[in-house]
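So this block is input_13.txt, compact mmCIF, C-alpha atoms:
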# COMPACT_ATOMS: atom_id res chain seq x y z
CA MET W 1 40.69 21.44 -8.13
CA LEU W 2 38.14 19.46 -10.14
CA ARG W 3 38.02 16.82 -7.42
CA SER W 4 37.30 19.46 -4.79
CA ILE W 5 34.49 20.94 -6.89
CA ARG W 6 33.04 17.48 -7.49
CA GLU W 7 33.10 16.65 -3.77
CA LYS W 8 31.38 19.94 -2.91
CA ALA W 9 28.74 19.30 -5.56
CA VAL W 10 28.08 15.79 -4.21
CA LYS W 11 27.76 17.15 -0.66
CA THR W 12 25.40 19.89 -1.81
CA VAL W 13 23.19 17.45 -3.71
CA GLY W 14 23.18 15.10 -0.72
CA THR W 15 22.13 17.94 1.58
CA VAL W 16 19.33 19.00 -0.75
CA LEU W 17 18.03 15.43 -1.08
CA ARG W 18 18.07 14.96 2.70
CA SER W 19 16.21 18.23 3.11
CA ILE W 20 13.54 17.16 0.61
CA ARG W 21 13.21 13.77 2.30
CA ASP W 22 12.88 15.31 5.77
CA LYS W 23 10.33 17.79 4.48
CA ALA W 24 8.31 15.02 2.87
CA VAL W 25 8.35 12.91 6.04
CA LYS W 26 7.29 15.89 8.17
CA THR W 27 4.52 16.83 5.74
CA VAL W 28 3.09 13.33 5.51
CA GLY W 29 3.48 12.78 9.24
CA THR W 30 1.69 16.02 10.03
CA GLY W 31 -1.11 15.14 7.62
CA VAL W 32 -1.56 11.73 9.24
CA LEU W 33 -1.70 13.28 12.72
CA VAL W 34 -4.28 15.84 11.58
CA ILE W 35 -6.49 13.19 9.99
CA ALA W 36 -6.08 10.84 12.95
CA SER W 37 -7.07 13.62 15.35
CA ILE W 38 -10.14 14.54 13.30
CA GLU W 39 -11.14 10.91 12.91
CA PHE W 40 -10.80 10.26 16.64
CA THR W 41 -12.69 13.34 17.76
CA THR W 42 -15.49 13.20 15.20
CA LYS W 43 -16.32 9.50 15.32
CA LEU W 44 -16.98 9.29 19.05
CA PRO W 45 -20.44 10.94 19.15
CA SER W 46 -21.97 8.75 16.48
CA GLU W 47 -21.77 5.38 14.79
CA GLY W 48 -20.96 4.99 11.13
CA ARG W 49 -18.41 5.78 8.45
CA SER W 50 -15.63 8.33 8.68
CA SER W 51 -16.95 11.86 9.06
CA GLN W 52 -17.40 14.26 6.15
CA LEU W 53 -14.80 16.52 7.75
CA TYR W 54 -12.34 13.65 7.66
CA HIS W 55 -12.94 13.12 3.94
CA ASP W 56 -12.71 16.83 3.17
CA VAL W 57 -9.35 17.21 4.93
CA SER W 58 -8.05 14.03 3.33
CA ASP W 59 -9.19 14.83 -0.22
CA LYS W 60 -8.68 18.59 -0.31
CA VAL W 61 -5.65 19.11 1.94
CA VAL W 62 -3.56 16.04 2.67
CA THR W 63 -3.77 14.32 -0.73
CA PRO W 64 -2.80 17.41 -2.79
CA LEU W 65 0.01 18.10 -0.32
CA VAL W 66 1.36 14.56 -0.62
CA ARG W 67 1.28 14.80 -4.41
CA LYS W 68 3.47 17.89 -4.27
CA VAL W 69 6.18 16.43 -2.02
CA LEU W 70 6.20 12.73 -2.97
CA ASN W 71 6.51 11.06 -6.35
CA PRO W 72 3.88 8.36 -7.13
CA GLU W 73 5.96 5.38 -6.02
CA ASP W 74 7.10 7.02 -2.77
CA ALA W 75 3.47 7.94 -2.06
CA HIS W 76 2.47 4.31 -2.69
CA ASN W 77 5.19 3.07 -0.32
CA ALA W 78 4.13 5.62 2.30
CA ALA W 79 0.54 4.37 2.05
CA ILE W 80 1.71 0.79 2.57
CA TYR W 81 3.75 1.89 5.59
CA PHE W 82 0.81 3.70 7.21
CA VAL W 83 -1.61 0.83 6.58
CA LYS W 84 0.91 -1.73 7.85
CA ASN W 85 1.47 0.19 11.08
CA GLY W 86 -2.20 0.79 11.82
CA PHE W 87 -2.45 4.47 10.87
CA ALA W 88 -5.13 3.96 8.21
CA PRO W 89 -8.85 4.50 8.97
CA ARG W 90 -10.62 1.45 10.36
CA PHE W 91 -13.97 0.18 9.20
CA ARG W 92 -16.84 0.79 11.61
CA PRO W 93 -20.27 -0.73 10.99
CA ASN W 94 -23.19 1.68 10.79
CA ALA W 95 -26.37 1.30 12.79
CA LEU W 96 -28.05 -1.08 10.32
CA GLU W 97 -25.00 -3.32 10.11
CA SER W 98 -24.58 -3.39 13.88
CA SER W 99 -28.22 -4.42 14.31
CA LYS W 100 -27.72 -7.21 11.74
CA SER W 101 -30.54 -5.73 9.63
CA VAL W 102 -28.07 -5.41 6.78
CA SER W 103 -25.10 -7.69 6.12
CA LEU W 104 -22.11 -7.05 3.92
CA GLU W 105 -21.13 -10.72 3.96
CA SER W 106 -20.72 -12.50 0.64
CA LYS W 107 -20.50 -16.22 -0.05
CA GLY W 108 -18.11 -17.26 -2.81
CA PRO W 109 -18.57 -20.16 -5.26
CA SER W 110 -16.26 -22.35 -3.18
CA GLY W 111 -18.41 -21.90 -0.10
CA ILE W 112 -16.12 -19.42 1.63
CA THR W 113 -17.99 -16.61 3.38
CA PHE W 114 -16.27 -13.22 3.12
CA PRO W 115 -17.00 -10.56 5.77
CA SER W 116 -17.59 -8.05 2.95
CA CYS W 117 -18.40 -8.27 -0.73
CA ILE W 118 -15.72 -5.63 -1.46
CA GLY W 119 -12.14 -6.89 -1.80
CA LEU W 120 -8.77 -5.50 -2.84
CA ALA W 121 -7.17 -6.81 -6.04
CA ALA W 122 -3.47 -7.56 -6.47
CA GLY W 123 -1.06 -4.72 -7.09
CA PHE W 124 -1.34 -2.58 -3.98
CA ASP W 125 0.30 -4.85 -1.39
CA LYS W 126 2.69 -6.80 -3.60
CA ASP W 127 4.60 -8.54 -0.81
CA GLY W 128 1.81 -9.15 1.69
CA VAL W 129 3.16 -6.85 4.39
CA ALA W 130 -0.05 -4.93 5.18
CA ILE W 131 -2.79 -7.56 4.98
CA GLN W 132 -4.13 -7.06 8.50
CA GLY W 133 -4.28 -3.30 8.12
CA LEU W 134 -6.15 -3.64 4.84
CA MET W 135 -8.63 -6.08 6.37
CA ASP W 136 -9.15 -3.62 9.24
CA MET W 137 -10.10 -0.98 6.66
CA GLY W 138 -13.11 -3.13 5.75
CA PHE W 139 -12.03 -5.22 2.78
CA GLY W 140 -13.63 -8.65 2.74
CA PHE W 141 -10.56 -10.18 1.14
CA VAL W 142 -7.11 -9.03 0.09
CA GLU W 143 -5.27 -10.36 -2.95
CA ILE W 144 -1.52 -9.86 -2.65
CA GLY W 145 1.09 -9.92 -5.39
CA SER W 146 2.04 -10.32 -8.04
CA VAL W 147 4.53 -12.76 -6.51
CA THR W 148 7.50 -14.05 -8.49
CA PRO W 149 9.50 -17.22 -7.74
CA LYS W 150 12.70 -15.27 -7.09
CA PRO W 151 13.32 -11.73 -5.78
CA GLN W 152 13.57 -9.14 -8.53
CA PRO W 153 13.72 -5.32 -8.51
CA GLY W 154 11.39 -4.71 -11.44
CA ASN W 155 11.86 -1.94 -13.99
CA PRO W 156 14.18 1.05 -13.48
CA LYS W 157 12.69 4.13 -11.81
CA PRO W 158 10.69 6.23 -12.50
CA ARG W 159 8.08 3.60 -13.31
CA MET W 160 4.82 5.00 -11.98
CA TYR W 161 3.10 8.09 -13.35
CA ARG W 162 0.08 10.07 -12.21
CA LEU W 163 -2.84 10.85 -14.52
CA GLU W 164 -4.48 13.46 -12.33
CA GLU W 165 -7.06 14.56 -14.88
CA ASP W 166 -8.17 10.94 -15.29
CA LEU W 167 -7.89 10.14 -11.56
CA GLY W 168 -5.55 7.28 -12.35
CA VAL W 169 -1.95 6.13 -12.66
CA ILE W 170 0.25 4.31 -15.14
CA ASN W 171 2.00 1.39 -13.46
CA ARG W 172 5.19 0.10 -15.06
CA PHE W 173 6.76 -1.51 -12.00
CA GLY W 174 7.68 -4.65 -13.92
CA PHE W 175 6.69 -7.20 -11.23
CA ASN W 176 9.03 -6.04 -8.47
CA SER W 177 8.83 -8.66 -5.74
CA VAL W 178 10.67 -9.98 -2.69
CA GLY W 179 10.09 -13.46 -4.14
CA MET W 180 7.94 -16.34 -3.00
CA ASN W 181 10.07 -17.18 0.05
CA GLY W 182 9.85 -13.64 1.38
CA VAL W 183 6.10 -13.51 0.75
CA GLU W 184 5.69 -16.89 2.42
CA GLU W 185 7.27 -15.52 5.59
CA ASN W 186 4.95 -12.50 5.49
CA LEU W 187 1.94 -14.79 5.10
CA LYS W 188 3.08 -16.94 8.04
CA CYS W 189 3.29 -13.80 10.15
CA PHE W 190 -0.22 -12.78 9.09
CA ARG W 191 -1.73 -16.24 9.47
CA SER W 192 -0.57 -16.40 13.05
CA LYS W 193 -3.36 -13.85 13.67
CA CYS W 194 -6.07 -14.84 11.17
CA ASP W 195 -6.77 -16.81 7.99
CA ALA W 196 -7.53 -14.95 4.75
CA ASP W 197 -5.33 -14.57 1.71
CA LYS W 198 -5.00 -15.09 -1.98
CA GLU W 199 -1.87 -14.86 -4.11
CA ASP W 200 -1.45 -13.66 -7.67
CA SER W 201 1.63 -15.38 -9.10
CA GLU W 202 3.65 -14.06 -12.02
CA LYS W 203 6.72 -15.34 -13.84
CA ASN W 204 10.12 -13.78 -13.27
CA LYS W 205 11.11 -11.59 -16.19
CA ASP W 206 13.97 -13.95 -17.05
CA GLU W 207 11.97 -17.22 -16.92
CA THR W 208 11.86 -19.33 -20.05
CA ASP W 209 9.62 -22.17 -18.88
CA ALA W 210 6.84 -22.97 -16.42
CA LEU W 211 8.95 -24.87 -13.86
CA ASP W 212 9.40 -21.95 -11.46
CA MET W 213 5.72 -21.12 -11.76
CA LEU W 214 4.84 -24.67 -10.71
CA ILE W 215 7.21 -24.37 -7.75
CA THR W 216 5.54 -21.11 -6.72
CA ILE W 217 2.02 -22.54 -6.92
CA SER W 218 3.01 -25.72 -5.07
CA LYS W 219 4.28 -23.64 -2.14
CA GLY W 220 0.94 -21.82 -1.79

As structure tokens - that is how I would like this structure written.
Amino acid sequence: MLRSIREKAVKTVGTVLRSIRDKAVKTVGTGVLVIASIEFTTKLPSEGRSSQLYHDVSDKVVTPLVRKVLNPEDAHNAAIYFVKNGFAPRFRPNALESSKSVSLESKGPSGITFPSCIGLAAGFDKDGVAIQGLMDMGFGFVEIGSVTPKPQPGNPKPRMYRLEEDLGVINRFGFNSVGMNGVEENLKCFRSKCDADKEDSEKNKDETDALDMLITISKG
């Protein structure tokens, strides 16, 4: 009797979770299609940044909707997925930039010239899976990581919390990473198309000395 009740409860919970997941996927997918359609139709007549209509729909409709159906970490993973697969907005130079009257290029202390003075710090793309998509968005450089010597899951979930009033989040991921070998493969895949990367290396949570850190840096 108890076993039968338990099995029914498990099935019910599983059905509810699948329903929530499907709803979230449909909601996010619909939002992406709406934004993509607006972006495509409104950018054709003129040159420049994404239209005001695009920003209004994104900020006032899609973002609040995503916050209601996805927890912070799932929303983060969804963002990575969309950027990785080319669904994110792409940078388009305005008239001044196209005429070369204004340049966003920036030269670093080591002599490297970046296509833009605005870059993305480590923490968003931890494993280097969406570098090309992020560069297409207009970042002059993308810092991936943190990268640990060995794969590790990080802290137990939930580990990311929204601070909506402060327009921020609390990140307690705990250096989740696929490890340096996995990241190396992702970088090889990216470098087959272009050259631009920087890694932010961190120790595994269970490390007691600097040996693994030296191994990680030497593989860079």

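Between Ser192 of chain W and the candidates W:Asn94, W:Phe173, W:Gln132, W:Thr148, the tightest atom-to-atom separation, counting all atoms listed in the file, involves W:Gln132.
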
Report, as AutoDock Vina command-line options, the centre and edge lengths in Å (one decimal) of the axis-aligned box enclosing every listed atom of segment 85-94 of chain W, padded by 6 Å on each side.
--center_x -10.9 --center_y 1.9 --center_z 10.0 --size_x 36.7 --size_y 17.2 --size_z 15.6

Selected residue of minimal separation from Glu105 of chain W among W:Tyr161, W:Leu120, W:Phe139, W:Asp74, counting all atoms listed in the file: W:Phe139

Point-to-point distance from atom CA of Thr113 of chain W to atom CA of Gly140 of chain W, Å rounded to tenths: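 Going from atom CA of Thr113 of chain W over to atom CA of Gly140 of chain W, I get 9.1 Å.
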
Residue contacts of Ala79 of chain W (12 Å, all atoms listed in the file) excluding same-chain residues fewer than 3 positions away, as an NGL selection string: :W and (28-29 or 32 or 63 or 66 or 70 or 72-76 or 82-89 or 124-125 or 129-130 or 133-134)

Atom pair atom CA of Asp56 of chain W / atom CA of Ser98 of chain W: separation (Å):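 If I compute the distance from atom CA of Asp56 of chain W to atom CA of Ser98 of chain W, I get 25.8 Å.
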
Option closest in space to Asn155 of chain W, from W:Ser106, W:Phe175, W:Arg92, W:Phe141 [counting all atoms listed in the file]: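 Distance minimum relative to Asn155 of chain W lands on W:Phe175.
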
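Each of W:Lys107, W:Ile131, W:Val57, W:Arg90 was checked against Cys189 of chain W using all atoms listed in the file; the smallest atom-to-atom distance is that of W:Ile131.
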
Residue nearest Val169 of chain W among W:Asn71, W:Lys100, W:Met137, W:Gly111 (counting only C-alpha atoms):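 Of W:Asn71, W:Lys100, W:Met137, W:Gly111, the one nearest Val169 of chain W, counting only C-alpha atoms, is W:Asn71.
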
Separation of atom CA of Asp127 of chain W from atom CA of Ser177 of chain W in Å: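 So the two atoms, atom CA of Ser177 of chain W and atom CA of Asp127 of chain W, lie 6.5 Å apart.
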
From W:Ser99, W:Asn186, W:Ser58, W:Asn171, residue lying nearest Gly128 of chain W [all atoms listed in the file]: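 Among the listed residues, the smallest separation from Gly128 of chain W belongs to W:Asn186.
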
Long-range neighbours of Ala122 of chain W as a ChimeraX atom specification, 6 Å cut-off, only C-alpha atoms, 4 positions minimum in chain: /W:143-145
